[in-house]
file coords13.tsv (TSV, C-alpha atoms)
chain	number	residue	atom	x	y	z
A	2	MET	CA	-8.86	13.70	21.65
A	3	LYS	CA	-6.20	11.29	22.85
A	4	ARG	CA	-4.22	11.77	19.70
A	5	ALA	CA	-4.37	15.54	19.98
A	6	ALA	CA	-3.21	15.43	23.59
A	7	ALA	CA	-0.31	13.18	22.68
A	8	LEU	CA	0.75	15.48	19.87
A	9	THR	CA	0.71	18.55	22.10
A	10	LEU	CA	2.65	16.63	24.70
A	11	LEU	CA	5.25	15.67	22.12
A	12	ALA	CA	5.62	19.27	21.03
A	13	ARG	CA	6.11	20.33	24.65
A	14	CYS	CA	8.66	17.58	25.28
A	15	ALA	CA	10.68	18.79	22.32
A	16	VAL	CA	10.87	22.31	23.76
A	17	ALA	CA	11.85	21.01	27.20
A	18	VAL	CA	14.58	18.80	25.80
A	19	SER	CA	16.14	21.42	23.58
A	20	ALA	CA	16.21	23.88	26.49
A	21	ALA	CA	17.92	21.45	28.85
A	22	ALA	CA	21.70	21.36	28.80
A	23	THR	CA	22.48	18.44	31.14
A	24	THR	CA	24.09	15.32	29.69
A	25	ALA	CA	21.18	13.23	30.94
A	26	ALA	CA	18.81	15.29	28.85
A	27	MET	CA	21.20	15.15	25.90
A	28	ALA	CA	21.13	11.36	26.00
A	29	THR	CA	17.37	11.36	25.54
A	30	ALA	CA	17.37	14.31	23.14
A	31	ALA	CA	15.52	14.01	19.86
A	32	PRO	CA	17.68	12.71	17.01
A	33	ALA	CA	18.89	15.34	14.58
A	34	PRO	CA	17.02	15.60	11.25
A	35	ALA	CA	17.67	12.41	9.31
A	36	ALA	CA	20.91	12.78	7.40
A	37	ALA	CA	21.47	10.85	4.16
A	38	ASP	CA	22.94	7.77	5.85
A	39	GLU	CA	20.45	7.85	8.71
A	40	ARG	CA	17.43	7.36	6.50
A	41	ARG	CA	15.36	4.36	7.43
A	42	SER	CA	12.36	3.01	5.59
A	43	GLY	CA	9.08	2.92	7.46
A	44	SER	CA	9.22	-0.87	7.25
A	45	GLU	CA	12.11	-0.90	9.74
A	46	PHE	CA	9.82	0.54	12.41
A	47	MET	CA	7.20	-2.20	11.96
A	48	SER	CA	6.68	-5.39	13.94
A	49	ALA	CA	8.34	-8.57	12.67
A	50	SER	CA	5.02	-10.00	11.56
A	51	THR	CA	4.13	-6.96	9.47
A	52	GLN	CA	7.60	-7.00	7.96
A	53	ALA	CA	7.14	-10.66	7.03
A	54	MET	CA	3.82	-9.78	5.43
A	55	GLN	CA	5.52	-7.23	3.18
A	56	ARG	CA	8.52	-9.41	2.41
A	57	ASP	CA	6.59	-12.47	1.27
A	58	ASP	CA	4.47	-11.93	-1.83
A	59	THR	CA	2.30	-14.92	-0.94
A	60	LEU	CA	1.36	-13.18	2.34
A	61	ASN	CA	1.08	-9.64	1.01
A	62	PRO	CA	-2.59	-8.68	0.48
A	63	GLY	CA	-1.40	-5.97	-1.92
A	64	MET	CA	-0.86	-8.75	-4.43
A	65	LEU	CA	-4.65	-8.98	-4.84
A	66	TRP	CA	-4.63	-5.45	-6.24
A	67	ILE	CA	-1.51	-6.12	-8.28
A	68	SER	CA	-2.92	-9.17	-10.01
A	69	GLY	CA	-5.98	-7.04	-10.80
A	70	GLY	CA	-3.64	-4.39	-12.18
A	71	GLU	CA	-1.87	-6.95	-14.31
A	72	ALA	CA	-5.18	-8.07	-15.81
A	73	GLN	CA	-6.01	-4.44	-16.62
A	74	TRP	CA	-2.58	-3.92	-18.17
A	75	ASN	CA	-3.48	-6.57	-20.74
A	76	ALA	CA	-7.14	-5.63	-21.23
A	77	ALA	CA	-8.22	-3.35	-24.07
A	78	ALA	CA	-9.94	-0.13	-23.02
A	79	GLY	CA	-11.53	2.90	-24.68
A	80	LYS	CA	-12.27	3.79	-28.28
A	81	SER	CA	-8.74	2.96	-29.39
A	82	GLY	CA	-9.34	-0.69	-28.46
A	83	LYS	CA	-5.78	-0.80	-27.14
A	84	SER	CA	-4.47	-2.13	-23.87
A	85	CYS	CA	-1.45	-0.79	-21.99
A	86	ALA	CA	0.42	-3.81	-23.34
A	87	SER	CA	-0.44	-2.91	-26.96
A	88	CYS	CA	2.02	-0.01	-26.77
A	89	HIS	CA	4.22	-0.77	-23.78
A	90	GLY	CA	4.51	-4.56	-24.18
A	91	ASP	CA	5.84	-6.49	-21.24
A	92	ALA	CA	5.58	-4.31	-18.14
A	93	ALA	CA	8.50	-6.13	-16.51
A	94	LYS	CA	10.74	-4.57	-19.16
A	95	SER	CA	9.04	-1.35	-20.25
A	96	MET	CA	7.98	-0.21	-16.78
A	97	ARG	CA	11.20	-1.12	-15.02
A	98	GLY	CA	12.32	1.89	-13.01
A	99	MET	CA	9.35	3.96	-14.16
A	100	ALA	CA	7.68	4.43	-10.78
A	101	ALA	CA	11.04	5.45	-9.25
A	102	ARG	CA	11.02	8.52	-11.52
A	103	PHE	CA	7.65	9.90	-10.43
A	104	PRO	CA	6.22	12.50	-9.77
A	105	ALA	CA	7.47	14.08	-12.99
A	106	PHE	CA	6.73	17.24	-14.95
A	107	ASP	CA	4.41	16.61	-17.88
A	108	ALA	CA	5.45	18.95	-20.68
A	109	ALA	CA	2.14	18.66	-22.56
A	110	SER	CA	-0.11	19.70	-19.67
A	111	LYS	CA	2.59	21.86	-18.00
A	112	VAL	CA	1.99	20.43	-14.54
A	113	THR	CA	3.79	17.91	-12.38
A	114	VAL	CA	1.89	14.63	-12.21
A	115	ASN	CA	2.21	11.56	-10.02
A	116	LEU	CA	2.16	8.01	-11.34
A	117	ALA	CA	-1.61	7.62	-11.00
A	118	GLN	CA	-2.25	10.85	-12.89
A	119	ARG	CA	0.26	9.80	-15.56
A	120	ILE	CA	-1.64	6.53	-16.05
A	121	ASN	CA	-4.81	8.53	-16.50
A	122	ILE	CA	-3.13	10.80	-19.07
A	123	CYS	CA	-2.28	7.69	-21.07
A	124	ARG	CA	-5.84	6.44	-20.72
A	125	GLU	CA	-7.38	9.67	-21.92
A	126	ARG	CA	-4.94	10.61	-24.68
A	127	LYS	CA	-3.83	7.25	-26.05
A	128	GLN	CA	-6.52	4.75	-25.13
A	129	GLN	CA	-9.29	7.33	-25.49
A	130	ALA	CA	-10.89	5.91	-22.38
A	131	PRO	CA	-12.38	7.82	-19.45
A	132	ALA	CA	-9.90	8.56	-16.67
A	133	LEU	CA	-10.04	6.19	-13.72
A	134	LYS	CA	-11.21	7.71	-10.47
A	135	LEU	CA	-8.29	8.67	-8.26
A	136	GLU	CA	-7.95	6.29	-5.29
A	137	SER	CA	-10.20	3.73	-7.04
A	138	GLU	CA	-9.41	0.04	-6.80
A	139	GLU	CA	-8.66	-0.10	-10.55
A	140	LEU	CA	-6.22	2.80	-10.57
A	141	LEU	CA	-4.47	1.64	-7.39
A	142	GLY	CA	-4.11	-1.80	-8.96
A	143	LEU	CA	-2.50	-0.44	-12.13
A	144	GLU	CA	-0.32	1.93	-10.15
A	145	ALA	CA	0.84	-0.86	-7.84
A	146	TYR	CA	1.48	-3.17	-10.79
A	147	VAL	CA	3.67	-0.53	-12.43
A	148	ALA	CA	5.38	0.28	-9.12
A	149	LEU	CA	6.13	-3.40	-8.55
A	150	GLN	CA	8.37	-3.38	-11.63
A	151	SER	CA	10.69	-0.91	-9.85
A	152	ARG	CA	10.99	-2.89	-6.65
A	153	GLY	CA	14.52	-2.73	-5.26
A	154	MET	CA	15.54	0.13	-7.54
A	155	PRO	CA	16.69	3.48	-6.15
A	156	VAL	CA	14.26	6.39	-6.04
A	157	SER	CA	15.49	8.74	-8.76
A	158	PRO	CA	13.38	11.87	-9.22
A	159	PRO	CA	13.80	13.62	-12.58
A	160	ASN	CA	16.11	16.60	-12.78
A	161	ASP	CA	14.15	18.91	-15.08
A	162	ALA	CA	13.18	22.43	-14.09
A	163	GLY	CA	9.44	21.70	-13.82
A	164	THR	CA	9.79	18.79	-11.41
A	165	LYS	CA	12.42	20.66	-9.39
A	166	ALA	CA	10.15	23.69	-9.04
A	167	SER	CA	7.40	21.37	-7.86
A	168	ALA	CA	9.69	19.72	-5.31
A	169	ALA	CA	10.80	23.14	-4.06
A	170	ARG	CA	7.17	24.10	-3.42
A	171	GLY	CA	6.67	20.74	-1.73
A	172	LYS	CA	9.69	21.31	0.50
A	173	GLN	CA	8.24	24.61	1.63
A	174	LEU	CA	4.96	22.84	2.47
A	175	TYR	CA	6.85	20.11	4.33
A	176	PHE	CA	8.40	22.64	6.72
A	177	GLN	CA	5.29	24.80	7.04
A	178	ARG	CA	3.24	24.54	10.23
A	179	ILE	CA	-0.38	23.69	9.50
A	180	GLY	CA	-3.67	22.96	11.23
A	181	GLN	CA	-5.06	23.60	14.67
A	182	LEU	CA	-2.17	21.64	16.18
A	183	ASN	CA	0.21	23.95	14.33
A	184	LEU	CA	2.61	21.20	13.29
A	185	SER	CA	4.70	20.77	10.17
A	186	CYS	CA	5.57	17.41	8.61
A	187	ALA	CA	9.21	18.00	9.63
A	188	GLN	CA	8.40	18.41	13.31
A	189	CYS	CA	7.28	14.80	13.59
A	190	HIS	CA	9.14	13.04	10.78
A	191	ASP	CA	12.51	14.83	10.99
A	192	GLN	CA	12.68	15.78	14.65
A	193	GLN	CA	10.66	13.17	16.54
A	194	TRP	CA	10.99	9.97	14.52
A	195	GLY	CA	11.51	6.82	16.54
A	196	LYS	CA	9.37	8.15	19.39
A	197	ARG	CA	5.82	7.05	20.06
A	198	LEU	CA	2.67	8.84	19.07
A	199	ALA	CA	0.09	7.05	21.19
A	200	GLY	CA	0.62	3.37	20.32
A	201	SER	CA	2.60	3.77	17.12
A	202	THR	CA	6.18	4.66	16.33
A	203	ILE	CA	6.72	7.83	14.33
A	204	PRO	CA	8.56	6.85	11.13
A	205	GLN	CA	10.80	9.15	9.13
A	206	GLY	CA	8.11	9.68	6.53
A	207	HIS	CA	9.78	8.09	3.53
A	208	ALA	CA	7.50	7.28	0.64
A	209	ALA	CA	9.24	4.62	-1.42
A	210	ALA	CA	6.75	1.84	-0.64
A	211	TYR	CA	3.57	3.38	-2.08
A	212	PRO	CA	0.95	2.43	-2.93
A	213	ILE	CA	0.75	0.48	0.32
A	214	TYR	CA	-1.58	-2.04	1.86
A	215	ARG	CA	-2.32	-0.46	5.21
A	216	LEU	CA	-3.72	-2.76	7.87
A	217	GLU	CA	-5.71	0.10	9.37
A	218	TRP	CA	-7.38	0.76	6.02
A	219	GLN	CA	-7.73	-2.97	5.32
A	220	ALA	CA	-7.05	-1.95	1.75
A	221	MET	CA	-4.54	-0.50	-0.64
A	222	GLY	CA	-4.05	3.26	-0.59
A	223	SER	CA	-1.94	5.90	-2.28
A	224	LEU	CA	0.64	8.27	-0.86
A	225	GLN	CA	-1.91	11.05	-1.19
A	226	ARG	CA	-4.30	9.16	1.04
A	227	ARG	CA	-1.54	8.89	3.64
A	228	LEU	CA	-0.70	12.60	3.34
A	229	ARG	CA	-4.35	13.57	3.72
A	230	ASN	CA	-4.53	11.29	6.78
A	231	CYS	CA	-1.68	13.18	8.43
A	232	MET	CA	-3.26	16.51	7.54
A	233	SER	CA	-6.48	15.40	9.17
A	234	GLY	CA	-4.40	14.32	12.20
A	235	VAL	CA	-3.05	17.82	12.74
A	236	ARG	CA	-6.53	19.21	12.00
A	237	ALA	CA	-5.54	21.12	8.91
A	238	GLU	CA	-7.61	21.91	5.86
A	239	ILE	CA	-7.24	18.88	3.60
A	240	PRO	CA	-6.65	19.41	-0.12
A	241	PRO	CA	-8.77	17.22	-2.42
A	242	VAL	CA	-7.26	14.05	-3.92
A	243	GLY	CA	-5.06	14.96	-6.89
A	244	ALA	CA	-4.50	18.56	-5.68
A	245	LYS	CA	-1.35	20.39	-6.78
A	246	GLU	CA	-0.14	20.80	-3.18
A	247	LEU	CA	-0.23	17.05	-2.63
A	248	VAL	CA	1.67	16.34	-5.86
A	249	ASP	CA	4.24	19.00	-4.87
A	250	LEU	CA	4.67	17.28	-1.51
A	251	GLU	CA	5.07	13.94	-3.28
A	252	ALA	CA	7.73	15.50	-5.53
A	253	TRP	CA	9.62	16.78	-2.48
A	254	LEU	CA	9.38	13.40	-0.75
A	255	ALA	CA	10.87	11.77	-3.87
A	256	VAL	CA	13.84	14.18	-3.64
A	257	ARG	CA	14.12	13.49	0.09
A	258	ASP	CA	14.06	9.72	-0.60
A	259	GLN	CA	16.49	9.87	-3.52
A	260	GLY	CA	18.57	6.68	-3.63
A	261	MET	CA	16.35	4.75	-1.21
A	262	LYS	CA	15.02	1.42	-2.41
A	263	MET	CA	11.54	1.13	-3.88
A	264	GLU	CA	9.48	-1.30	-1.78
A	265	SER	CA	6.10	-1.33	-3.41
A	266	PRO	CA	3.79	-3.03	-2.55
A	267	GLY	CA	4.54	-2.01	1.02
A	268	VAL	CA	2.52	-3.18	4.00
A	269	ARG	CA	2.09	-0.73	6.86
A	270	PRO	CA	0.29	-1.05	10.21
B	13	MET	CA	-8.66	-6.62	-7.94
B	14	ALA	CA	-8.26	-10.30	-8.22
B	15	ARG	CA	-10.75	-12.25	-6.19
B	16	ALA	CA	-8.44	-14.93	-4.83
B	17	LEU	CA	-4.80	-15.94	-4.92
B	18	ILE	CA	-3.61	-19.44	-4.06
B	19	HIS	CA	-0.01	-20.40	-3.55
B	20	MET	CA	0.99	-24.07	-3.37
B	21	PRO	CA	3.52	-26.33	-5.04
B	22	THR	CA	2.45	-27.79	-8.38
B	23	THR	CA	4.46	-30.99	-7.83
B	24	ALA	CA	5.21	-33.04	-4.71
B	25	LYS	CA	6.51	-36.43	-3.67
B	26	LYS	CA	4.06	-38.99	-2.35
B	27	GLY	CA	3.67	-38.55	1.41
B	28	GLU	CA	5.20	-35.06	1.41
B	29	VAL	CA	3.58	-32.39	3.60
B	30	ILE	CA	2.72	-29.37	1.46
B	31	GLU	CA	1.75	-25.88	2.54
B	32	ILE	CA	-1.20	-24.18	0.90
B	33	ARG	CA	-1.83	-20.44	1.20
B	34	ALA	CA	-5.15	-18.96	0.20
B	35	LEU	CA	-5.85	-15.22	0.10
B	36	ILE	CA	-9.19	-13.77	-0.95
B	37	GLY	CA	-10.38	-10.21	-1.46
B	38	HIS	CA	-13.45	-9.59	0.70
B	39	PRO	CA	-14.56	-6.63	2.87
B	40	MET	CA	-15.54	-8.80	5.90
B	41	GLU	CA	-17.97	-6.13	7.07
B	42	THR	CA	-18.73	-6.95	10.71
B	43	GLY	CA	-22.29	-5.70	10.94
B	44	TYR	CA	-21.38	-3.66	14.00
B	45	ARG	CA	-20.06	-0.50	12.38
B	46	PRO	CA	-22.11	2.59	11.60
B	47	GLY	CA	-21.74	3.98	8.07
B	48	ALA	CA	-21.39	7.64	7.11
B	49	ASP	CA	-25.14	8.11	7.54
B	50	GLY	CA	-25.08	6.77	11.12
B	51	ARG	CA	-26.88	3.56	10.27
B	52	VAL	CA	-25.32	0.21	10.98
B	53	VAL	CA	-23.79	-1.30	7.85
B	54	PRO	CA	-25.28	-4.78	7.36
B	55	ARG	CA	-23.04	-7.72	7.99
B	56	ASP	CA	-21.20	-9.09	4.97
B	57	ILE	CA	-18.66	-11.75	5.84
B	58	ILE	CA	-17.34	-15.03	4.51
B	59	ARG	CA	-18.77	-17.80	6.68
B	60	SER	CA	-16.89	-20.84	5.55
B	61	PHE	CA	-13.84	-22.01	3.68
B	62	VAL	CA	-13.38	-25.58	2.46
B	63	CYS	CA	-10.56	-27.33	0.62
B	64	LYS	CA	-11.34	-30.59	-1.17
B	65	TYR	CA	-8.58	-32.84	-2.48
B	66	ASN	CA	-9.96	-35.04	-5.25
B	67	GLY	CA	-13.43	-34.58	-3.77
B	68	GLU	CA	-12.46	-35.38	-0.19
B	69	GLN	CA	-12.42	-32.54	2.32
B	70	VAL	CA	-8.93	-32.07	3.78
B	71	PHE	CA	-9.40	-28.69	5.43
B	72	GLY	CA	-12.25	-26.47	6.55
B	73	ALA	CA	-12.66	-23.24	8.49
B	74	GLU	CA	-15.51	-21.20	9.91
B	75	LEU	CA	-14.98	-17.48	9.67
B	76	HIS	CA	-16.47	-14.87	12.00
B	77	GLN	CA	-16.70	-11.11	12.40
B	78	ALA	CA	-13.35	-10.62	14.11
B	79	ILE	CA	-11.45	-11.72	11.02
B	80	SER	CA	-9.98	-8.88	8.99
B	81	ALA	CA	-10.83	-7.95	5.43
B	82	ASN	CA	-9.11	-9.98	2.70
B	83	PRO	CA	-8.70	-13.08	4.87
B	84	TYR	CA	-5.57	-15.17	4.47
B	85	ILE	CA	-5.63	-18.86	5.40
B	86	SER	CA	-2.57	-21.10	5.47
B	87	PHE	CA	-2.70	-24.84	6.11
B	88	PHE	CA	-0.92	-28.10	5.38
B	89	THR	CA	-1.94	-31.35	3.77
B	90	ILE	CA	-0.23	-34.58	2.75
B	91	ALA	CA	0.31	-35.17	-0.96
B	92	THR	CA	-1.25	-38.59	-1.55
B	93	GLU	CA	-2.12	-38.70	-5.25
B	94	SER	CA	-2.15	-36.50	-8.33
B	95	GLY	CA	-5.33	-34.57	-8.82
B	96	THR	CA	-7.25	-31.38	-8.22
B	97	LEU	CA	-7.65	-29.30	-5.10
B	98	GLU	CA	-10.81	-27.25	-5.00
B	99	PHE	CA	-11.12	-24.26	-2.71
B	100	THR	CA	-14.53	-22.83	-1.87
B	101	TRP	CA	-15.43	-19.74	0.08
B	102	GLU	CA	-19.07	-19.09	1.00
B	103	GLY	CA	-20.62	-16.21	2.86
B	104	ASP	CA	-23.37	-13.66	3.40
B	105	ASN	CA	-25.44	-12.31	0.51
B	106	ARG	CA	-24.99	-15.64	-1.29
B	107	PHE	CA	-21.30	-14.98	-1.71
B	108	ALA	CA	-19.56	-17.95	-3.26
B	109	HIS	CA	-16.21	-18.28	-4.91
B	110	SER	CA	-14.16	-21.29	-5.87
B	111	GLU	CA	-10.73	-21.93	-7.32
B	112	LYS	CA	-9.07	-25.09	-8.61
B	113	MET	CA	-5.40	-26.04	-8.56
B	114	THR	CA	-3.76	-29.17	-9.88
B	115	LEU	CA	-1.12	-31.13	-8.04
B	116	THR	CA	1.14	-33.76	-9.61
B	117	VAL	CA	2.40	-36.35	-7.14
B	118	SER	CA	5.40	-38.49	-7.99
B	119	ALA	CA	6.39	-41.71	-6.28

call {"tool": "encode", "arguments": {"input": "coords13.tsv", "output": "structure tokens"}}
result
Amino acid sequence: MKRAAALTLLARCAVAVSAAATTAAMATAAPAPAAADERRSGSEFMSASTQAMQRDDTLNPGMLWISGGEAQWNAAAGKSGKSCASCHGDAAKSMRGMAARFPAFDAASKVTVNLAQRINICRERKQQAPALKLESEELLGLEAYVALQSRGMPVSPPNDAGTKASAARGKQLYFQRIGQLNLSCAQCHDQQWGKRLAGSTIPQGHAAAYPIYRLEWQAMGSLQRRLRNCMSGVRAEIPPVGAKELVDLEAWLAVRDQGMKMESPGVRP
Amino acid sequence: MARALIHMPTTAKKGEVIEIRALIGHPMETGYRPGADGRVVPRDIIRSFVCKYNGEQVFGAELHQAISANPYISFFTIATESGTLEFTWEGDNRFAHSEKMTLTVSA
């Protein structure tokens, strides 16, 4: 209830501010939609202690998942008896920059897939092993281990027609009002970032740190989990994990974050 | 998911103060929260953590419900002699986990 009230209040404030023309009101006006040089990672909005937790791998609880992911990378699975390493070798070399190029269009299945789904494609087709459950500890571990190899690299979404079409659909969803609160992603993350929503600061909604260890979850979670969280917050109908809409949104966020540094494993409050 | 991660130097000078960081994956279920079915989820927490340096206890901690999942403990000890540090976590439902690290101390 509190959250809903705060959201409505924020929406009302925005209207009031844009209608006012006095300089005083201008000074407190909402920042314009984040331009390329104004983009700030969600980590910049966090407290110093949470930032330290992300910065230092010996403090970052995400490393528990990552070391699990590393063990899986080297463990044989499925009928093929092969591990990820059997084909891809050293992840530090072969997976460098890989996560920065996802979601990407998969020509064989003719859909855009995110990193987790791509890992499962490899499992099913190459390892001949059953797909890992989306959002499971195992898949998050592998995903985070692969994403770690791109840390510090710029987000660089692929330029092919399939991925672009997906990102275009995602962009449309990003600006579309949804749910009982009738809010779009852009209304909070482009127009109201830096302000408070109840106790927390609204970030710009950049997604270069996923999968993240979120203190509220007390666990690792994917970008889709975060997106579904927000959708539940505005009381919209929530697509299931792995749904096309969510992957489209992820593809758009990658375009929006192009050039920003990969941070995985991020820690968020 | 790895069960536990320990970060500490592998070598130290005699008399040097070293920092040890121990992180363990554990849900730390408080026993106060209702589950999806409305029933209270039974408590499942780590109760104690002990660090033994060549068999002698150098650090210990009691853990309670207010401690978050995946507890992280950082502490210091003095490097006195080469040997093994053994870390033990014990908790509800007969939970027990231990890790060993070796430390080489030079004069």

call {"tool": "residues_around", "arguments": {"input": "coords13.tsv", "residues": "Val147 (chain A)", "least_positions_apart": "6", "cutoff": "12 Å", "atoms": "only C-alpha atoms", "output": "number ranges by chain"}}
result
A: 66-71, 73-74, 85-86, 89, 91-103, 116-117, 119-120, 140-141, 211-212, 263, 265-266

call {"tool": "closest_residue", "arguments": {"input": "coords13.tsv", "among": "B:Gln69, B:Asn82, B:Thr96, B:Thr114", "to": "chain A", "atoms": "all atoms listed in the file"}}
result
B:Asn82

call {"tool": "interface_residues", "arguments": {"input": "coords13.tsv", "of": "chain A", "to": "chain B", "cutoff": "12 Å", "atoms": "only C-alpha atoms", "output": "MDAnalysis selection string"}}
result
chainID A and resid 54 57:73 137:143 145:146 214:221

call {"tool": "residues_around", "arguments": {"input": "coords13.tsv", "residues": "region 199-204 of chain A", "least_positions_apart": "2", "cutoff": "8 Å", "atoms": "all atoms listed in the file", "output": "ChimeraX atom specification"}}
result
/A:3-4,7,42-43,46,189-190,193-197,206-207

call {"tool": "atom_distance", "arguments": {"input": "coords13.tsv", "atom1": "CA of Cys63 (chain B)", "atom2": "CA of Lys112 (chain B)"}}
result
9.6 Å

call {"tool": "atom_distance", "arguments": {"input": "coords13.tsv", "atom1": "CA of Ser94 (chain B)", "atom2": "CA of Glu74 (chain B)"}}
result
27.3 Å

call {"tool": "atom_distance", "arguments": {"input": "coords13.tsv", "atom1": "CA of Ala78 (chain A)", "atom2": "CA of Asn121 (chain A)"}}
result
12.0 Å
